[in-house]
Structures are given as C-alpha cells and as structure tokens.
>>> print(open('data-v7.csv').read())   # CSV, C-alpha atoms
chain,number,residue,atom,x,y,z
A,1,MET,CA,27.4,-1.8,-10.8
A,2,PRO,CA,29.3,0.9,-12.6
A,3,ILE,CA,29.5,4.5,-11.7
A,4,PHE,CA,29.1,6.5,-14.9
A,5,GLY,CA,30.0,10.1,-13.9
A,6,LEU,CA,30.1,12.9,-11.4
A,7,TRP,CA,28.9,16.5,-11.7
A,8,VAL,CA,29.3,19.4,-9.4
A,9,ILE,CA,26.7,22.2,-9.9
A,10,ASN,CA,27.2,25.5,-8.2
A,11,LYS,CA,24.4,27.4,-6.5
A,12,ALA,CA,23.6,29.3,-9.6
A,13,GLY,CA,23.0,26.2,-11.6
A,14,GLY,CA,26.4,26.3,-13.5
A,15,LEU,CA,28.3,23.0,-14.0
A,16,VAL,CA,31.7,23.6,-12.4
A,17,TYR,CA,33.0,20.0,-12.6
A,18,GLN,CA,32.1,17.1,-14.8
A,19,ARG,CA,33.8,13.7,-15.2
A,20,ASN,CA,33.0,10.4,-16.7
A,21,PHE,CA,34.2,7.2,-15.2
A,22,ALA,CA,32.7,4.4,-17.2
A,23,ASP,CA,31.1,3.9,-20.6
A,24,GLY,CA,27.4,3.0,-20.8
A,25,LEU,CA,25.8,6.4,-21.2
A,26,ALA,CA,25.9,8.7,-24.2
A,27,GLN,CA,29.1,10.7,-24.7
A,28,LEU,CA,27.9,14.3,-24.7
A,29,THR,CA,29.7,17.6,-25.5
A,30,SER,CA,30.6,19.8,-22.6
A,31,ASN,CA,27.9,22.3,-23.8
A,32,GLU,CA,25.2,19.6,-23.6
A,33,TYR,CA,26.3,18.8,-20.1
A,34,LEU,CA,26.1,22.5,-19.2
A,35,VAL,CA,22.5,22.6,-20.5
A,36,LEU,CA,21.5,19.4,-18.6
A,37,ALA,CA,23.0,20.7,-15.4
A,38,GLY,CA,21.0,23.9,-15.7
A,39,THR,CA,17.9,21.9,-16.4
A,40,LEU,CA,18.5,19.7,-13.4
A,41,HIS,CA,19.0,22.8,-11.2
A,42,GLY,CA,15.6,24.1,-12.3
A,43,ILE,CA,13.8,20.8,-11.8
A,44,HIS,CA,15.3,20.4,-8.4
A,45,ALA,CA,13.8,23.7,-7.3
A,46,ILE,CA,10.4,22.7,-8.7
A,47,THR,CA,10.3,19.3,-7.2
A,48,SER,CA,10.5,20.8,-3.7
A,49,ARG,CA,7.4,22.8,-4.4
A,50,LEU,CA,5.3,19.9,-5.5
A,51,SER,CA,5.1,18.2,-2.2
A,52,PRO,CA,1.6,16.8,-1.3
A,53,ILE,CA,2.4,17.0,2.4
A,54,GLY,CA,4.3,19.8,4.1
A,55,SER,CA,7.7,21.0,3.0
A,56,SER,CA,10.0,18.8,1.1
A,57,SER,CA,13.6,18.7,-0.1
A,58,GLY,CA,14.3,18.7,-3.8
A,59,ALA,CA,14.7,15.5,-5.8
A,60,GLN,CA,17.3,13.2,-4.1
A,61,VAL,CA,17.3,10.3,-6.5
A,62,ILE,CA,16.1,10.3,-10.1
A,63,GLU,CA,15.7,6.9,-11.7
A,64,GLY,CA,15.6,5.7,-15.3
A,65,GLU,CA,15.4,2.1,-16.3
A,66,THR,CA,19.1,1.3,-16.2
A,67,PHE,CA,20.8,4.3,-14.4
A,68,LYS,CA,20.0,6.8,-11.7
A,69,LEU,CA,21.1,10.3,-10.7
A,70,THR,CA,21.7,10.7,-7.0
A,71,ILE,CA,21.8,14.3,-5.8
A,72,LEU,CA,23.4,15.7,-2.7
A,73,LEU,CA,22.5,19.3,-1.9
A,74,THR,CA,24.9,20.9,0.5
A,75,ALA,CA,23.9,23.7,2.9
A,76,THR,CA,25.6,26.3,0.7
A,77,GLY,CA,23.6,25.3,-2.4
A,78,THR,CA,26.3,23.3,-4.2
A,79,LYS,CA,24.9,20.1,-5.7
A,80,PHE,CA,26.9,16.9,-6.2
A,81,VAL,CA,25.3,14.6,-8.7
A,82,LEU,CA,26.4,11.0,-9.2
A,83,LEU,CA,25.4,9.0,-12.3
A,84,ALA,CA,25.4,5.3,-11.5
A,85,SER,CA,23.6,2.2,-12.4
A,86,VAL,CA,20.3,1.6,-10.6
A,87,THR,CA,21.7,-1.2,-8.6
A,88,GLU,CA,24.5,0.9,-7.0
A,89,THR,CA,23.7,1.0,-3.3
A,90,SER,CA,26.5,3.2,-2.0
A,91,ALA,CA,25.8,6.3,-4.1
A,92,GLU,CA,24.9,8.5,-1.1
A,93,LEU,CA,28.1,7.4,0.7
A,94,ILE,CA,30.2,8.2,-2.3
A,95,LEU,CA,28.7,11.6,-2.6
A,96,GLN,CA,29.4,12.3,1.0
A,97,LYS,CA,33.0,11.4,0.4
A,98,VAL,CA,33.1,13.5,-2.7
A,99,TYR,CA,31.9,16.4,-0.6
A,100,GLU,CA,34.7,15.9,1.9
A,101,ILE,CA,37.3,15.8,-0.8
A,102,TYR,CA,35.7,18.9,-2.4
A,103,ALA,CA,35.9,20.7,0.9
A,104,ASP,CA,39.6,19.7,1.4
A,105,PHE,CA,40.9,20.2,-2.1
A,106,VAL,CA,38.8,22.8,-3.7
A,107,MET,CA,37.4,25.0,-0.9
A,108,LYS,CA,40.6,25.1,1.0
A,109,ASN,CA,42.6,25.9,-2.1
A,110,PRO,CA,43.5,29.6,-1.9
A,111,PHE,CA,43.8,29.8,-5.6
A,112,HIS,CA,40.3,28.7,-6.3
A,113,THR,CA,37.6,31.2,-7.1
A,114,PRO,CA,34.3,30.2,-5.6
A,115,GLU,CA,31.5,29.3,-8.1
A,116,MET,CA,34.0,28.9,-10.9
A,117,PRO,CA,35.0,25.7,-12.7
A,118,VAL,CA,37.1,23.4,-10.6
A,119,ARG,CA,40.6,22.8,-12.1
A,120,SER,CA,42.6,21.1,-9.5
A,121,GLU,CA,44.9,18.2,-9.9
A,122,GLY,CA,44.7,17.2,-6.3
A,123,PHE,CA,40.9,17.0,-6.5
A,124,ASP,CA,41.0,15.0,-9.7
A,125,GLN,CA,43.4,12.5,-8.2
A,126,ARG,CA,41.4,11.9,-5.0
A,127,ILE,CA,38.2,11.5,-7.0
A,128,THR,CA,39.9,8.9,-9.2
A,129,THR,CA,41.1,7.0,-6.2
A,130,LEU,CA,37.7,7.2,-4.5
A,131,MET,CA,35.9,6.0,-7.6
A,132,GLY,CA,38.5,3.2,-8.0
A,133,SER,CA,37.8,1.9,-4.6
A,134,PHE,CA,34.0,1.7,-5.3
A,135,GLN,CA,34.2,0.6,-8.9
A,136,SER,CA,34.5,-3.2,-9.1
U,1,MET,CA,3.3,3.9,3.1
U,2,THR,CA,0.6,5.7,1.3
U,3,ILE,CA,-0.4,7.1,-2.0
U,4,TYR,CA,-1.1,10.8,-2.4
U,5,SER,CA,-2.3,11.6,-5.9
U,6,LEU,CA,-2.8,10.6,-9.5
U,7,TYR,CA,-2.6,12.8,-12.6
U,8,ILE,CA,-3.3,11.7,-16.1
U,9,TYR,CA,-2.1,13.7,-19.0
U,10,ASP,CA,-2.9,13.3,-22.7
U,11,ARG,CA,-0.5,13.7,-25.5
U,12,HIS,CA,-1.3,17.4,-25.8
U,13,CYS,CA,0.2,18.0,-22.4
U,14,THR,CA,-3.2,18.7,-20.8
U,15,CYS,CA,-4.3,17.2,-17.5
U,16,VAL,CA,-7.4,15.1,-18.2
U,17,TYR,CA,-7.8,13.5,-14.8
U,18,TYR,CA,-6.9,14.1,-11.2
U,19,HIS,CA,-7.5,12.1,-8.0
U,20,ASP,CA,-6.0,12.4,-4.6
U,21,TRP,CA,-6.1,10.4,-1.4
U,22,HIS,CA,-4.0,11.4,1.6
U,23,ARG,CA,-2.8,14.9,0.8
U,24,THR,CA,-2.6,17.2,3.7
U,25,ARG,CA,-1.9,20.1,1.4
U,26,ARG,CA,-4.2,20.4,-1.5
U,27,PRO,CA,-3.8,22.9,-4.2
U,28,LYS,CA,-6.2,25.8,-4.5
U,29,ALA,CA,-9.0,25.4,-7.0
U,30,ALA,CA,-7.9,26.1,-10.5
U,31,VAL,CA,-8.6,29.5,-12.0
U,32,GLU,CA,-11.4,29.9,-14.5
U,33,GLY,CA,-10.3,28.3,-17.8
U,34,GLY,CA,-7.1,27.0,-16.2
U,35,ILE,CA,-8.1,23.4,-16.5
U,36,LEU,CA,-10.5,21.5,-18.7
U,37,PRO,CA,-13.9,20.6,-17.3
U,38,GLY,CA,-14.2,17.0,-16.3
U,39,VAL,CA,-10.8,16.6,-14.7
U,40,SER,CA,-11.8,16.5,-11.0
U,41,HIS,CA,-14.6,18.2,-9.2
U,42,VAL,CA,-12.3,18.7,-6.2
U,43,VAL,CA,-10.1,21.2,-7.9
U,44,ALA,CA,-12.4,22.6,-10.5
U,45,PRO,CA,-12.9,26.4,-10.5
U,46,SER,CA,-15.6,27.2,-8.0
U,47,GLN,CA,-18.9,27.9,-9.6
U,48,SER,CA,-22.4,27.9,-8.1
U,49,PRO,CA,-24.1,24.7,-9.1
U,50,ASP,CA,-27.4,26.2,-10.0
U,51,THR,CA,-26.1,28.5,-12.7
U,52,GLN,CA,-23.3,26.5,-14.2
U,53,GLY,CA,-24.2,22.9,-13.5
U,54,ARG,CA,-21.7,20.6,-12.1
U,55,PRO,CA,-18.3,21.0,-13.8
U,56,GLY,CA,-17.0,17.8,-12.6
U,57,SER,CA,-18.8,14.9,-14.1
U,58,PRO,CA,-21.4,15.5,-16.7
U,59,TYR,CA,-21.0,11.9,-17.8
U,60,GLY,CA,-22.0,10.8,-14.4
U,61,SER,CA,-24.2,7.9,-14.6
U,62,PRO,CA,-25.5,7.0,-18.1
U,63,ARG,CA,-28.7,5.9,-16.5
U,64,ASN,CA,-29.4,9.5,-15.5
U,65,THR,CA,-30.4,10.2,-19.0
U,66,LEU,CA,-33.3,7.9,-18.7
U,67,SER,CA,-34.6,9.2,-15.4
U,68,SER,CA,-35.7,12.5,-16.8
U,69,ASN,CA,-39.2,13.4,-15.6
U,70,THR,CA,-40.3,14.9,-18.8
U,71,GLY,CA,-39.7,11.7,-20.7
U,72,ILE,CA,-37.2,13.3,-23.0
U,73,VAL,CA,-33.9,11.5,-23.2
U,74,ILE,CA,-31.1,13.9,-22.9
U,75,ALA,CA,-27.8,12.6,-24.1
U,76,VAL,CA,-25.4,14.6,-22.1
U,77,ASN,CA,-27.0,15.9,-19.0
U,78,GLU,CA,-25.1,19.0,-18.0
U,79,MET,CA,-27.6,19.9,-15.3
U,80,THR,CA,-27.2,16.8,-13.2
U,81,PRO,CA,-27.6,17.8,-9.6
U,82,GLN,CA,-24.6,17.4,-7.5
U,83,THR,CA,-25.2,14.2,-5.6
U,84,PRO,CA,-22.3,12.2,-4.2
U,85,SER,CA,-21.8,9.0,-6.2
U,86,PRO,CA,-22.9,5.9,-4.5
U,87,LEU,CA,-20.0,4.1,-6.2
U,88,LEU,CA,-17.4,6.0,-4.3
U,89,GLN,CA,-16.6,4.4,-1.0
U,90,THR,CA,-15.9,7.5,0.9
U,91,PRO,CA,-16.5,11.1,0.0
U,92,PRO,CA,-13.4,13.2,-0.7
U,93,PRO,CA,-12.0,14.7,2.5
U,94,PRO,CA,-13.2,18.2,3.3
U,95,PRO,CA,-11.1,21.1,1.9
U,96,ALA,CA,-7.6,20.5,3.2
U,97,LEU,CA,-6.2,22.1,6.3
U,98,SER,CA,-3.5,23.9,4.5
U,99,SER,CA,-3.0,24.6,0.9
U,100,THR,CA,0.2,24.4,-1.2
U,101,GLY,CA,-0.6,28.0,-2.1
U,102,LEU,CA,-0.6,27.0,-5.8
U,103,PRO,CA,-3.7,26.8,-7.9
U,104,PHE,CA,-4.3,23.4,-9.3
U,105,ASP,CA,-3.7,24.4,-12.9
U,106,GLU,CA,-0.3,25.8,-12.0
U,107,GLU,CA,0.5,22.6,-10.1
U,108,ALA,CA,-0.6,20.4,-12.9
U,109,LYS,CA,1.7,22.3,-15.3
U,110,LEU,CA,4.6,22.1,-12.9
U,111,VAL,CA,4.1,18.3,-12.6
U,112,TYR,CA,4.0,18.0,-16.4
U,113,GLY,CA,7.0,20.2,-16.8
U,114,VAL,CA,9.1,18.1,-14.4
U,115,VAL,CA,8.0,14.9,-15.9
U,116,LEU,CA,8.8,16.0,-19.4
U,117,SER,CA,12.1,17.6,-18.6
U,118,LEU,CA,13.3,14.5,-16.7
U,119,ARG,CA,12.1,12.3,-19.4
U,120,ASN,CA,14.1,14.2,-22.0
U,121,MET,CA,17.1,14.4,-19.7
U,122,ILE,CA,17.2,10.7,-19.1
U,123,LYS,CA,16.9,10.0,-22.8
U,124,LYS,CA,19.7,12.4,-23.6
U,125,LEU,CA,22.0,11.0,-20.9
U,126,ALA,CA,21.3,7.4,-21.9
U,127,GLY,CA,21.7,8.2,-25.6
U,128,ARG,CA,19.0,5.6,-26.4
U,129,GLU,CA,15.4,4.9,-25.7
U,130,GLU,CA,15.2,4.9,-22.0
U,131,GLN,CA,12.3,5.8,-19.9
U,132,PHE,CA,12.2,8.0,-16.9
U,133,VAL,CA,10.8,5.8,-14.1
U,134,ASN,CA,10.6,7.8,-10.8
U,135,TYR,CA,12.2,10.3,-8.6
U,136,ARG,CA,12.3,10.7,-4.9
U,137,THR,CA,12.5,13.6,-2.5
U,138,SER,CA,12.5,13.6,1.3
U,139,SER,CA,8.7,13.6,1.5
U,140,TYR,CA,7.3,12.0,-1.6
U,141,LYS,CA,8.1,9.9,-4.7
U,142,MET,CA,6.8,10.5,-8.2
U,143,HIS,CA,6.2,7.6,-10.6
U,144,LEU,CA,5.6,7.8,-14.3
U,145,TYR,CA,4.1,5.4,-16.8
U,146,GLU,CA,3.7,6.4,-20.3
U,147,THR,CA,1.5,4.6,-22.8
U,148,THR,CA,2.4,4.3,-26.5
U,149,SER,CA,-0.5,6.6,-27.3
U,150,GLY,CA,1.2,9.4,-25.3
U,151,TYR,CA,-0.9,9.2,-22.2
U,152,LYS,CA,1.1,9.9,-19.1
U,153,PHE,CA,0.1,8.4,-15.7
U,154,VAL,CA,1.8,10.2,-12.9
U,155,MET,CA,1.5,9.1,-9.3
U,156,LEU,CA,2.8,10.6,-6.1
U,157,SER,CA,3.4,8.3,-3.2
U,158,ASP,CA,5.3,7.9,0.0
U,159,PRO,CA,9.1,8.1,-0.6
U,160,GLY,CA,9.5,4.6,0.9
U,161,THR,CA,7.4,2.8,-1.7
U,162,ASP,CA,8.9,0.6,-4.4
U,163,SER,CA,8.3,1.3,-8.0
U,164,LEU,CA,4.5,1.7,-8.7
U,165,ARG,CA,4.8,1.5,-12.4
U,166,PHE,CA,2.9,-1.8,-12.6
U,167,ILE,CA,0.1,-0.2,-10.7
U,168,LEU,CA,-0.1,2.7,-13.1
U,169,ARG,CA,-0.1,0.1,-15.9
U,170,GLN,CA,-2.9,-1.7,-14.1
U,171,ILE,CA,-4.9,1.5,-14.0
U,172,TYR,CA,-4.3,1.9,-17.7
U,173,ILE,CA,-5.2,-1.7,-18.7
U,174,GLY,CA,-8.1,-1.9,-16.2
U,175,PRO,CA,-10.2,1.1,-15.4
U,176,PHE,CA,-8.8,3.4,-18.1
U,177,LEU,CA,-9.5,1.1,-21.0
U,178,GLU,CA,-12.8,0.0,-19.7
U,179,TYR,CA,-14.4,3.2,-18.6
U,180,VAL,CA,-12.6,5.8,-20.7
U,181,VAL,CA,-11.4,4.3,-23.9
U,182,ARG,CA,-14.4,2.1,-24.3
U,183,ASN,CA,-16.8,4.8,-23.1
U,184,PRO,CA,-18.7,6.3,-26.1
U,185,LEU,CA,-19.6,9.3,-24.0
U,186,ILE,CA,-16.0,10.3,-23.5
U,187,SER,CA,-14.4,12.1,-26.4
U,188,MET,CA,-10.8,11.4,-26.0
U,189,ASP,CA,-8.2,13.8,-27.3
U,190,SER,CA,-10.9,16.5,-27.5
U,191,LYS,CA,-8.8,19.2,-25.8
U,192,GLU,CA,-12.1,20.4,-24.4
U,193,ARG,CA,-12.9,17.9,-21.7
U,194,GLY,CA,-11.3,15.7,-19.2
U,195,VAL,CA,-12.0,12.0,-18.9
U,196,ASP,CA,-13.5,12.1,-15.4
U,197,ASN,CA,-16.6,9.9,-14.9
U,198,GLU,CA,-18.2,8.2,-12.0
U,199,TYR,CA,-17.3,4.6,-13.0
U,200,PHE,CA,-13.6,5.4,-13.8
U,201,ARG,CA,-13.2,7.3,-10.5
U,202,ALA,CA,-14.8,4.6,-8.4
U,203,SER,CA,-12.8,1.9,-10.1
U,204,VAL,CA,-9.5,3.7,-9.7
U,205,ASP,CA,-10.4,4.4,-6.1
U,206,ARG,CA,-11.2,0.7,-5.5
U,207,LEU,CA,-8.0,-0.4,-7.1
U,208,ILE,CA,-5.8,2.0,-5.1
U,209,ARG,CA,-7.6,1.3,-1.8
U,210,GLY,CA,-7.0,-2.4,-2.4
U,211,LEU,CA,-3.2,-2.0,-2.6
U,212,SER,CA,-1.0,-3.3,0.1
U,213,VAL,CA,0.9,0.0,0.1
U,214,PHE,CA,-2.4,1.8,0.9
U,215,PRO,CA,-3.0,2.0,4.6
>>> encode(input="data-v7.csv", output="structure tokens")
Amino acid sequence: MPIFGLWVINKAGGLVYQRNFADGLAQLTSNEYLVLAGTLHGIHAITSRLSPIGSSSGAQVIEGETFKLTILLTATGTKFVLLASVTETSAELILQKVYEIYADFVMKNPFHTPEMPVRSEGFDQRITTLMGSFQS
Amino acid sequence: MTIYSLYIYDRHCTCVYYHDWHRTRRPKAAVEGGILPGVSHVVAPSQSPDTQGRPGSPYGSPRNTLSSNTGIVIAVNEMTPQTPSPLLQTPPPPPALSSTGLPFDEEAKLVYGVVLSLRNMIKKLAGREEQFVNYRTSSYKMHLYETTSGYKFVMLSDPGTDSLRFILRQIYIGPFLEYVVRNPLISMDSKERGVDNEYFRASVDRLIRGLSVFP
C-alpha cells in the first residue's frame, strides 16, 4: 500500500510543497504539478456546490482505479493532498499528522513567509520519518 | 444509503438524460435553449403545454401514434398531452423545497466540467490509461462510468455507498441499449435532442428502486 506523494496547496490554489515518496505514478515536471494543483483547487470549489442535499464540503477523496487523492482542507484554506494507493486506509490519519508537522515546523518558523513555497529542512525531515513509519 | 441523481452525457459534452430520486435541493429549471429537449421534463424550461407541447418526451409511447382520432398516423407526435406515464411507479416529487440556486443547465455543465477535469487529472497523474472512478464529499459521492463510445454515466449517491460503477454499467447494458440504442425513434448523437423516453425512464427507475442501496 504505497504512498506516492504529498502536496500542500495554499489558499489561493498555489502549490507550495510537493514531494514524491514512491514510484508508480508518472514523473511530472514541477510546472505540471503546479497546473494540477490549480485544477484541483478549482474542482474542489465546484464540488461543494454540486451537492444534491444541503451544504457540502469539497471533495475529500478522489479515486482512480489504482490510486486515490485524499484531501484535507484546514480552517485557513490550506489543502493537504495525499496520493496513495486505493487500499491505503490510514490516509486521513497521515494527513492529520502532516498538518501537525506543518503547524510546528512551517507556521512556527519565523523565517517562513505565509503562502509561499515551503523550504524547510526540519519539515522535510519530519515528513520523511512520518512516511517511513507508514510505508511498509 | 440512497441515490440522488443520474446524468448521461454524450461524446459532445451535452447532457442527454437526467433523472433524480431523493434530492432535497433540486436545480432551477434550465433557461430557454440551455438544454436539449428530451433530457428530463422535470428540469426543462417552463413552457405552457398548449402552445409548445410537452418538451419532455415526444417519443412517449410509440402506440400513441396509432391512437390518433383522425386516422392519420403521425410519426412523431409533438402534441402529446401531458399525461403521467403509467409505467413510472411514482410521479416525481413536487418541486423541491429548496433549490440549489443554480439553473439545471449550469449544474449539468459543472458536473461535466468536474468529471472531465478529474478524468484528465487522474490520467495525467497515473501516466497511463487509468479511469477516474469516483469522488466523495461530506454529503455525496459521485460515480462515473464511461463507455467506449464516449457516453458518460454520472451518478450521485450517498457518501457511504460503495462503488456504483457496476450499476451504471447495468444501466448501460440494460435499459440504455434496449430503449435508446435499439430505439429507432431516438436519433443518437443528434446534438438536437436528448434520449428521454417513457420506457427508458421507467426501466431505469425500476432498476434503481430495486437496488439494495435504495431505501
């Protein structure tokens, strides 16, 4: 049950963090990832308007035949997206942990500019450890 | 567990059929010219029946063509009076309590847009032929089944349901082939008319109501 990758999308739809952890999906250029993140941001907004009953959140899980995208939307509008195989059961849990790490090592970093790409060794390291503990 | 709605799109991105069951928020009727005639009478632009005929189902019952009082057989009877079909088990619910605030044609376009973008996104990410299957939000789940001929069957259901792809496939190989593809009165791919007809609608309705996920 591999985890393929992680994206962090800021509230404007810009991709501020992207990492691959396992092979299995196409290797895209960073520009292509930026475009996909923007598209996902738009789709997410539309999906919340299509609800047949009352109000709805945006898409939380998007499934293909072999992999899925699990999306965690935080209260501030930042989206954490995990690309994992469809059989991965702990995707939500992983995203929650990623959010915690993000809060600790990105938001609490005085040198980080909000909404800008994340370049932090501490964050990278913790994410690697986290994924390592779930990757088996 | 329930099923909310079904949309069918042809390969020209146009909605050719719409059916809903347990929606509490229904879209407003489409604007004039927004959707093709023969998609669904529930969301068709409102017209007075005596001047425009029934927009929903001109192909109603083929037997109607023989019941003309004048003895002239009319091939496509546009002026069929609006009578509820005896084949449908229950009439559609009265106009919904609240509306999504979106006209149906806009909603149909949004649904198609989402489906198409996600399909392309999944293909791009996978780097090979991989189909988009479904997505889930807090209040509904959308399922997609695409035929080789480019028809897209989109179904909205309860978020808790498992994949409904096989049901969409059943609609395709059952009612759709029988009452749309093999129906000489339906011109498929016409870009002028939807595929709604009494038999297809009744048959889809029966199939969905018979499902275990349908309460």
>>> interface_residues(input="data-v7.csv", of="chain A", to="chain U", cutoff="8 Å", atoms="all atoms listed in the file", output="number ranges by chain")
A: 24-28, 36, 39, 43, 46-48, 50-66
>>> atom_distance(input="data-v7.csv", atom1="CA of Glu88 in chain A", atom2="CA of Glu100 in chain A")
20.2 Å
>>> residues_around(input="data-v7.csv", residues="Asp23 in chain A", least_positions_apart="5", cutoff="10 Å", atoms="only C-alpha atoms", output="ChimeraX atom specification")
/A:2-5
>>> atom_distance(input="data-v7.csv", atom1="CA of Leu40 in chain A", atom2="CA of Thr78 in chain A")
12.6 Å
>>> atom_distance(input="data-v7.csv", atom1="CA of Ile9 in chain A", atom2="CA of Cys13 in chain U")
29.6 Å
>>> residues_around(input="data-v7.csv", residues="Glu121 in chain A", least_positions_apart="4", cutoff="10 Å", atoms="all atoms listed in the file", output="JSON, numbers by chain")
{"A": [105, 106, 125, 126, 127]}
>>> residues_around(input="data-v7.csv", residues="range 180-196 of chain U", least_positions_apart="5", cutoff="6 Å", atoms="all atoms listed in the file", output="PDB file with C-alpha atoms, in the frame of the given file")
ATOM      1  CA  VAL U  16      -7.400  15.100 -18.200  1.00  0.00           C
ATOM      2  CA  TYR U  17      -7.800  13.500 -14.800  1.00  0.00           C
ATOM      3  CA  LEU U  36     -10.500  21.500 -18.700  1.00  0.00           C
ATOM      4  CA  PRO U  37     -13.900  20.600 -17.300  1.00  0.00           C
ATOM      5  CA  GLY U  38     -14.200  17.000 -16.300  1.00  0.00           C
ATOM      6  CA  VAL U  39     -10.800  16.600 -14.700  1.00  0.00           C
TER       7      VAL U  39
END
>>> residues_around(input="data-v7.csv", residues="Phe80 in chain A", least_positions_apart="5", cutoff="6 Å", atoms="only C-alpha atoms", output="MDAnalysis selection string")
chainID A and resid 7:8 71:72
>>> closest_residue(input="data-v7.csv", among="U:Tyr18, U:Ala44, U:Lys28, U:Val213", to="Asp162 in chain U", atoms="all atoms listed in the file")
U:Val213
>>> closest_residue(input="data-v7.csv", among="A:Phe123, A:Tyr17, A:Phe67, A:Phe134", to="Ile94 in chain A", atoms="only C-alpha atoms")
A:Phe134
>>> closest_residue(input="data-v7.csv", among="U:Leu168, U:Ile208, U:Ile35, U:Val154", to="Thr14 in chain U", atoms="all atoms listed in the file")
U:Ile35
